[in-house]
Amino acid sequence: MFEGKKLGFGLMRLPLTDANDKGSIDIEALKEMVDAFIEQGFTYFDTAWMYCAFKSENAVKEALTDRYPRDRYTLTTKLHASYLKKKEDRDRIFEEQRQKTGVDYFDYYLIHAIDQELYSIYNEMDCFNWLIEKKKQGFVKHIGFSYHDSAEFLDQVLTEHPEMEFVQLQMNYLDWESAEVQSRKCYEVASKHGKPVIVMEPVKGGTLADVPAEVRESFTAYHPDLSVPSWAIRFVASLDNVAMVLSGMSNMEQLMDNISYMKEFVPMNAEETELVHKAAEMIKDSIAIPCTGCSYCTEGCPMQIAIPDLFRVYNKSKRGEITDVEANEEYRQLTESGGKARECLACGQCQVACPQHLEIINYLKDVAKCMEKQD
């Protein structure tokens with residue numbers, strides 16, 4: 001089912017021409033990245049209906065499918081429950097996805113971000129049988145789902161839907177033993193059911209690229225030539241039942257770094273694995289808000305609060321990576337075109353959308369106390 005190299009190009013955090021506009025994809029920069037990726041023998045591309053303010057699938061057509069023969073790449077996209085109001089929406093969205101991406105069929109198609117709440121919607125809309133039919137019709141080669149919930153519930157989903165061929169899980173060394181994310185336990189459940197795993201968030205939205213100094217020093221001492229993010233990606237890629245690791249690359253530097261160690265991938269040894277687990281313990285103590293920066297929470301926010309960006313500044317401030325003056329200036333710039341943390345209405349739509357199930361409303365109160373003292 002999965003062939004070739006283990007690194008996949010995640011198309012959610014693409015290069016932008018305007019940092020404040022998630023849909024302003026820099027197509028020329030993306031074309032260069034796609035070319036480099038394919039030239040080095042990589043083929044797997046992962047997008048979704050709502051990525052990059054609904055523009056990611058369009059960018060796939062411009063940067064990839066219009067420029068390469070169909071046998072040079074494999075393409076994945078997804079169907080999310082948030083946009084299903086009636087059963088007819090399934091086909092409407094699917095046909096628009098084919099049109100936007102410019103392909104006749106998808107190599108992989110996922111039911112998106114299953115948790116207990118969304119699972120009931122997918123069942124109500126008969127999405128599993130619908131997806132099986134798409135496969136029978138030849139519009140999809142392989143079917144699966146991405147997942148954000150407990151290992152126990154994953155076992156239930158896979159038991160009820162053995163027709164699903166693979167599972168996409170949030171896995172990284174920081175969440176490996178997390179009681180909330182349950183990376184290890186979910187991986188073990190998928191393996192028990194014989195389902196290969198695609199890894200999302202291996203660097204936890206950039207968190208594991210920007211680690212405390214003591215972690216960085218320990219990694220560099222062991223492997224002077226390897227980047228900090230490489231440790232995160234290599235950790236999950238070394239797991240036996242991992243078929244693909246997605247990386248949301250937003251510039252050529254990140255892409256070439258990933259290629260450098262994934263082109264001829266060598267699994268981690270026991271010493272490296274132990275070093276990573278020690279790093280996880282050190283990092284846990286330094287993170288105030290465990291946000292991955294996926295931005296699902298921002299769509300529909302009535303106050304247009306740039307939630308992940310505010311959390312990022314708050315985390316950097318708490319870790320002492322920036323001064324109070326720098327934090328205040330960055331916060332000011334972020335809130336010029338959007339709402340401040342204190343302006344949250346506590347409507348809760350962000351918490352419903354959050355795959356991490358974070359208590360965003362309370363975290364925004366913490367941010368407001370810290371960043372808006374002098375307002």
# chains A, B, ... in the order shown; residues from 1 in each chain; ligands from 1
call {"tool": "closest_atom_pairs", "arguments": {"of": "segment 3-67 of chain A", "to": "segment 315-338 of chain A", "cutoff": "12 Å", "atoms": "only C-alpha atoms", "output": "Markdown table"}}
result
| residue | atom | partner | partner_atom | distance |
| --- | --- | --- | --- | --- |
| A:Ala19 | CA | A:Leu334 | CA | 10.3 |
| A:Asn20 | CA | A:Ser337 | CA | 8.3 |
| A:Asp21 | CA | A:Ser337 | CA | 10.6 |
call {"tool": "write_last_selection", "arguments": {"atoms": "C-alpha atoms", "output": "JSON list (two decimals), in the first residue's frame"}}
result
[["chain", "number", "residue", "atom", "x", "y", "z"],
["A", 19, "ALA", "CA", 2.20, 35.99, 7.03],
["A", 20, "ASN", "CA", -1.19, 37.27, 8.24],
["A", 21, "ASP", "CA", -3.12, 35.60, 5.40]]
call {"tool": "residues_around", "arguments": {"residues": "Asn251 of chain A", "least_positions_apart": "3", "cutoff": "7 Å", "atoms": "only C-alpha atoms", "output": "MDAnalysis selection string"}}
result
chainID A and resid 15 254:255
call {"tool": "closest_atom_pairs", "arguments": {"of": "segment 31-126 of chain A", "to": "segment 167-184 of chain A", "cutoff": "12 Å", "atoms": "only C-alpha atoms", "output": "Markdown table"}}
result
| residue | atom | partner | partner_atom | distance |
| --- | --- | --- | --- | --- |
| A:Asp46 | CA | A:Gln168 | CA | 11.1 |
| A:Thr76 | CA | A:Gln168 | CA | 11.4 |
| A:Thr77 | CA | A:Gln168 | CA | 11.9 |
| A:Lys78 | CA | A:Gln168 | CA | 11.2 |
| A:Tyr108 | CA | A:Val167 | CA | 11.1 |
| A:Tyr109 | CA | A:Val167 | CA | 10.9 |
| A:Leu110 | CA | A:Gln168 | CA | 8.5 |
| A:Ile111 | CA | A:Val167 | CA | 9.8 |
| A:His112 | CA | A:Gln168 | CA | 9.2 |
| A:Ala113 | CA | A:Gln168 | CA | 8.9 |
| A:Ile114 | CA | A:Gln168 | CA | 10.0 |
| A:Asp115 | CA | A:Val181 | CA | 11.6 |
call {"tool": "select_by_dssp", "arguments": {"residues": "segment 76-306 of chain A", "states": "strand (DSSP E or B)", "output": "VMD selection string"}}
result
chain A and resid 76 to 79 106 to 114 140 to 147 166 to 170 197 to 200 242 to 247 305
call {"tool": "write_last_selection", "arguments": {"atoms": "C-alpha atoms", "output": "PDB file, in the first residue's frame"}}
result
ATOM      1  CA  THR A  76      -3.938  12.318  -0.172  1.00  0.00           C
ATOM      2  CA  THR A  77      -6.850  14.502   0.883  1.00  0.00           C
ATOM      3  CA  LYS A  78      -9.634  14.351   3.471  1.00  0.00           C
ATOM      4  CA  LEU A  79     -13.307  14.915   4.276  1.00  0.00           C
ATOM      5  CA  PHE A 106      -6.878  10.102  -5.038  1.00  0.00           C
ATOM      6  CA  ASP A 107      -4.276   7.573  -3.961  1.00  0.00           C
ATOM      7  CA  TYR A 108      -5.401   7.902  -0.334  1.00  0.00           C
ATOM      8  CA  TYR A 109      -8.544   9.465   1.112  1.00  0.00           C
ATOM      9  CA  LEU A 110      -9.203  10.021   4.804  1.00  0.00           C
ATOM     10  CA  ILE A 111     -12.170  10.645   7.017  1.00  0.00           C
ATOM     11  CA  HIS A 112     -10.722  13.596   8.870  1.00  0.00           C
ATOM     12  CA  ALA A 113      -9.932  14.095  12.569  1.00  0.00           C
ATOM     13  CA  ILE A 114     -12.139  11.428  14.131  1.00  0.00           C
ATOM     14  CA  VAL A 140      -9.882   6.343  -4.354  1.00  0.00           C
ATOM     15  CA  LYS A 141      -7.209   3.663  -4.122  1.00  0.00           C
ATOM     16  CA  HIS A 142      -6.854   3.354  -0.342  1.00  0.00           C
ATOM     17  CA  ILE A 143      -9.111   4.496   2.510  1.00  0.00           C
ATOM     18  CA  GLY A 144      -8.377   5.419   6.099  1.00  0.00           C
ATOM     19  CA  PHE A 145      -8.890   8.097   8.728  1.00  0.00           C
ATOM     20  CA  SER A 146      -6.998  10.565  10.871  1.00  0.00           C
ATOM     21  CA  TYR A 147      -7.632  10.439  14.588  1.00  0.00           C
ATOM     22  CA  PHE A 166      -4.602   2.743   7.611  1.00  0.00           C
ATOM     23  CA  VAL A 167      -4.700   5.296  10.427  1.00  0.00           C
ATOM     24  CA  GLN A 168      -3.137   8.746  10.636  1.00  0.00           C
ATOM     25  CA  LEU A 169      -2.061   9.577  14.192  1.00  0.00           C
ATOM     26  CA  GLN A 170      -0.481  12.490  15.998  1.00  0.00           C
ATOM     27  CA  VAL A 197       0.312   4.325  10.627  1.00  0.00           C
ATOM     28  CA  ILE A 198       0.860   7.667   8.946  1.00  0.00           C
ATOM     29  CA  VAL A 199       2.355  10.139  11.403  1.00  0.00           C
ATOM     30  CA  MET A 200       1.165  13.737  11.658  1.00  0.00           C
ATOM     31  CA  VAL A 242       5.023   3.618  10.681  1.00  0.00           C
ATOM     32  CA  ALA A 243       4.555   3.747   6.913  1.00  0.00           C
ATOM     33  CA  MET A 244       4.876   7.498   6.381  1.00  0.00           C
ATOM     34  CA  VAL A 245       5.888  10.595   8.354  1.00  0.00           C
ATOM     35  CA  LEU A 246       4.329  13.900   7.330  1.00  0.00           C
ATOM     36  CA  SER A 247       6.253  17.118   7.705  1.00  0.00           C
ATOM     37  CA  ILE A 305      -8.118  36.138  17.544  1.00  0.00           C
TER      38      ILE A 305
END
call {"tool": "select_by_dssp", "arguments": {"residues": "segment 25-183 of chain A", "states": "helix (DSSP H, G or I)", "output": "ChimeraX atom specification"}}
result
/A:27-39,51-54,56-65,70-72,81-83,88-101,116-124,127-136,151-160,183
call {"tool": "write_last_selection", "arguments": {"atoms": "C-alpha atoms", "output": "PDB file, in the first residue's frame"}}
result
ATOM      1  CA  ILE A  27       3.127  29.356  -5.502  1.00  0.00           C
ATOM      2  CA  GLU A  28       6.557  29.954  -7.017  1.00  0.00           C
ATOM      3  CA  ALA A  29       8.288  29.035  -3.762  1.00  0.00           C
ATOM      4  CA  LEU A  30       6.065  25.971  -3.461  1.00  0.00           C
ATOM      5  CA  LYS A  31       6.905  24.895  -7.022  1.00  0.00           C
ATOM      6  CA  GLU A  32      10.608  24.971  -6.172  1.00  0.00           C
ATOM      7  CA  MET A  33       9.980  22.885  -3.062  1.00  0.00           C
ATOM      8  CA  VAL A  34       7.848  20.356  -4.954  1.00  0.00           C
ATOM      9  CA  ASP A  35      10.542  20.053  -7.631  1.00  0.00           C
ATOM     10  CA  ALA A  36      13.269  19.428  -5.057  1.00  0.00           C
ATOM     11  CA  PHE A  37      11.109  16.905  -3.205  1.00  0.00           C
ATOM     12  CA  ILE A  38      10.334  14.869  -6.324  1.00  0.00           C
ATOM     13  CA  GLU A  39      13.859  15.120  -7.731  1.00  0.00           C
ATOM     14  CA  TYR A  51      -5.927  23.711   4.731  1.00  0.00           C
ATOM     15  CA  CYS A  52      -4.474  27.183   4.104  1.00  0.00           C
ATOM     16  CA  ALA A  53      -7.873  28.889   4.204  1.00  0.00           C
ATOM     17  CA  PHE A  54      -9.238  26.360   1.674  1.00  0.00           C
ATOM     18  CA  SER A  56      -4.098  24.203  -0.291  1.00  0.00           C
ATOM     19  CA  GLU A  57      -5.859  21.928  -2.782  1.00  0.00           C
ATOM     20  CA  ASN A  58      -5.728  24.667  -5.423  1.00  0.00           C
ATOM     21  CA  ALA A  59      -2.010  25.030  -4.791  1.00  0.00           C
ATOM     22  CA  VAL A  60      -1.589  21.285  -5.326  1.00  0.00           C
ATOM     23  CA  LYS A  61      -2.884  21.701  -8.874  1.00  0.00           C
ATOM     24  CA  GLU A  62      -0.657  24.675  -9.663  1.00  0.00           C
ATOM     25  CA  ALA A  63       2.540  23.345  -8.107  1.00  0.00           C
ATOM     26  CA  LEU A  64       2.187  19.587  -8.583  1.00  0.00           C
ATOM     27  CA  THR A  65      -0.534  17.969 -10.664  1.00  0.00           C
ATOM     28  CA  ARG A  70       0.241  11.128 -12.509  1.00  0.00           C
ATOM     29  CA  ASP A  71       2.689   8.294 -11.807  1.00  0.00           C
ATOM     30  CA  ARG A  72       5.280  10.659 -10.295  1.00  0.00           C
ATOM     31  CA  ALA A  81     -17.428  16.562   9.360  1.00  0.00           C
ATOM     32  CA  SER A  82     -17.630  20.313   9.961  1.00  0.00           C
ATOM     33  CA  TYR A  83     -18.708  20.853   6.363  1.00  0.00           C
ATOM     34  CA  GLU A  88     -25.263  15.299  -0.577  1.00  0.00           C
ATOM     35  CA  ASP A  89     -22.377  17.384   0.750  1.00  0.00           C
ATOM     36  CA  ARG A  90     -20.102  14.334   0.625  1.00  0.00           C
ATOM     37  CA  ASP A  91     -20.173  14.094  -3.172  1.00  0.00           C
ATOM     38  CA  ARG A  92     -20.241  17.860  -3.613  1.00  0.00           C
ATOM     39  CA  ILE A  93     -17.055  18.288  -1.623  1.00  0.00           C
ATOM     40  CA  PHE A  94     -15.395  15.247  -3.191  1.00  0.00           C
ATOM     41  CA  GLU A  95     -16.042  16.455  -6.742  1.00  0.00           C
ATOM     42  CA  GLU A  96     -14.811  19.924  -5.876  1.00  0.00           C
ATOM     43  CA  GLN A  97     -11.658  18.376  -4.412  1.00  0.00           C
ATOM     44  CA  ARG A  98     -11.029  16.498  -7.656  1.00  0.00           C
ATOM     45  CA  GLN A  99     -11.553  19.704  -9.604  1.00  0.00           C
ATOM     46  CA  LYS A 100      -9.355  21.791  -7.309  1.00  0.00           C
ATOM     47  CA  THR A 101      -6.494  19.288  -7.276  1.00  0.00           C
ATOM     48  CA  GLN A 116     -16.044  10.731  19.699  1.00  0.00           C
ATOM     49  CA  GLU A 117     -18.113  13.751  18.688  1.00  0.00           C
ATOM     50  CA  LEU A 118     -17.191  13.742  14.990  1.00  0.00           C
ATOM     51  CA  TYR A 119     -17.470   9.955  14.799  1.00  0.00           C
ATOM     52  CA  SER A 120     -21.201  10.201  15.444  1.00  0.00           C
ATOM     53  CA  ILE A 121     -21.528  12.706  12.594  1.00  0.00           C
ATOM     54  CA  TYR A 122     -19.571  10.499  10.206  1.00  0.00           C
ATOM     55  CA  ASN A 123     -21.804   7.554  11.098  1.00  0.00           C
ATOM     56  CA  GLU A 124     -24.955   9.662  10.780  1.00  0.00           C
ATOM     57  CA  CYS A 127     -19.364   8.332   5.458  1.00  0.00           C
ATOM     58  CA  PHE A 128     -17.659   4.975   5.875  1.00  0.00           C
ATOM     59  CA  ASN A 129     -19.924   3.199   3.388  1.00  0.00           C
ATOM     60  CA  TRP A 130     -19.737   6.221   1.103  1.00  0.00           C
ATOM     61  CA  LEU A 131     -15.941   6.016   1.124  1.00  0.00           C
ATOM     62  CA  ILE A 132     -16.000   2.265   0.454  1.00  0.00           C
ATOM     63  CA  GLU A 133     -18.140   2.992  -2.601  1.00  0.00           C
ATOM     64  CA  LYS A 134     -15.681   5.640  -3.824  1.00  0.00           C
ATOM     65  CA  LYS A 135     -12.963   3.016  -3.656  1.00  0.00           C
ATOM     66  CA  LYS A 136     -15.084   0.499  -5.583  1.00  0.00           C
ATOM     67  CA  ALA A 151      -6.559   4.645  22.469  1.00  0.00           C
ATOM     68  CA  GLU A 152      -9.614   2.910  23.903  1.00  0.00           C
ATOM     69  CA  PHE A 153     -11.933   4.691  21.488  1.00  0.00           C
ATOM     70  CA  LEU A 154      -9.555   4.020  18.585  1.00  0.00           C
ATOM     71  CA  ASP A 155      -9.871   0.324  19.351  1.00  0.00           C
ATOM     72  CA  GLN A 156     -13.651   0.682  19.093  1.00  0.00           C
ATOM     73  CA  VAL A 157     -13.480   2.531  15.760  1.00  0.00           C
ATOM     74  CA  LEU A 158     -11.125  -0.015  14.209  1.00  0.00           C
ATOM     75  CA  THR A 159     -13.231  -2.887  15.507  1.00  0.00           C
ATOM     76  CA  GLU A 160     -16.371  -1.366  14.003  1.00  0.00           C
ATOM     77  CA  SER A 183       0.607   8.554  21.050  1.00  0.00           C
TER      78      SER A 183
END
call {"tool": "closest_residue", "arguments": {"among": "A:Asp285, A:Glu264, A:Glu271, A:Glu299", "to": "Lys6 of chain A", "atoms": "only C-alpha atoms"}}
result
A:Glu264
call {"tool": "atom_distance", "arguments": {"atom1": "atom CA of Leu345 of chain A", "atom2": "atom CA of Cys301 of chain A"}}
result
9.2 Å
call {"tool": "atom_distance", "arguments": {"atom1": "atom CA of Ala280 of chain A", "atom2": "atom CA of Cys354 of chain A"}}
result
22.7 Å
call {"tool": "residues_around", "arguments": {"residues": "Asn241 of chain A", "least_positions_apart": "4", "cutoff": "10 Å", "atoms": "only C-alpha atoms", "output": "list of chain:residue names"}}
result
A:Tyr187, A:Glu188, A:Ala190, A:Ser191, A:Gly194, A:Lys195, A:Pro196, A:Val197, A:Ile198, A:Val236, A:Ala237
call {"tool": "atom_distance", "arguments": {"atom1": "atom CA of Tyr44 of chain A", "atom2": "atom CA of Asp66 of chain A"}}
result
16.0 Å
call {"tool": "closest_residue", "arguments": {"among": "A:Thr292, A:Lys278, A:Phe311, A:Leu7", "to": "Asp257 of chain A", "atoms": "only C-alpha atoms"}}
result
A:Leu7
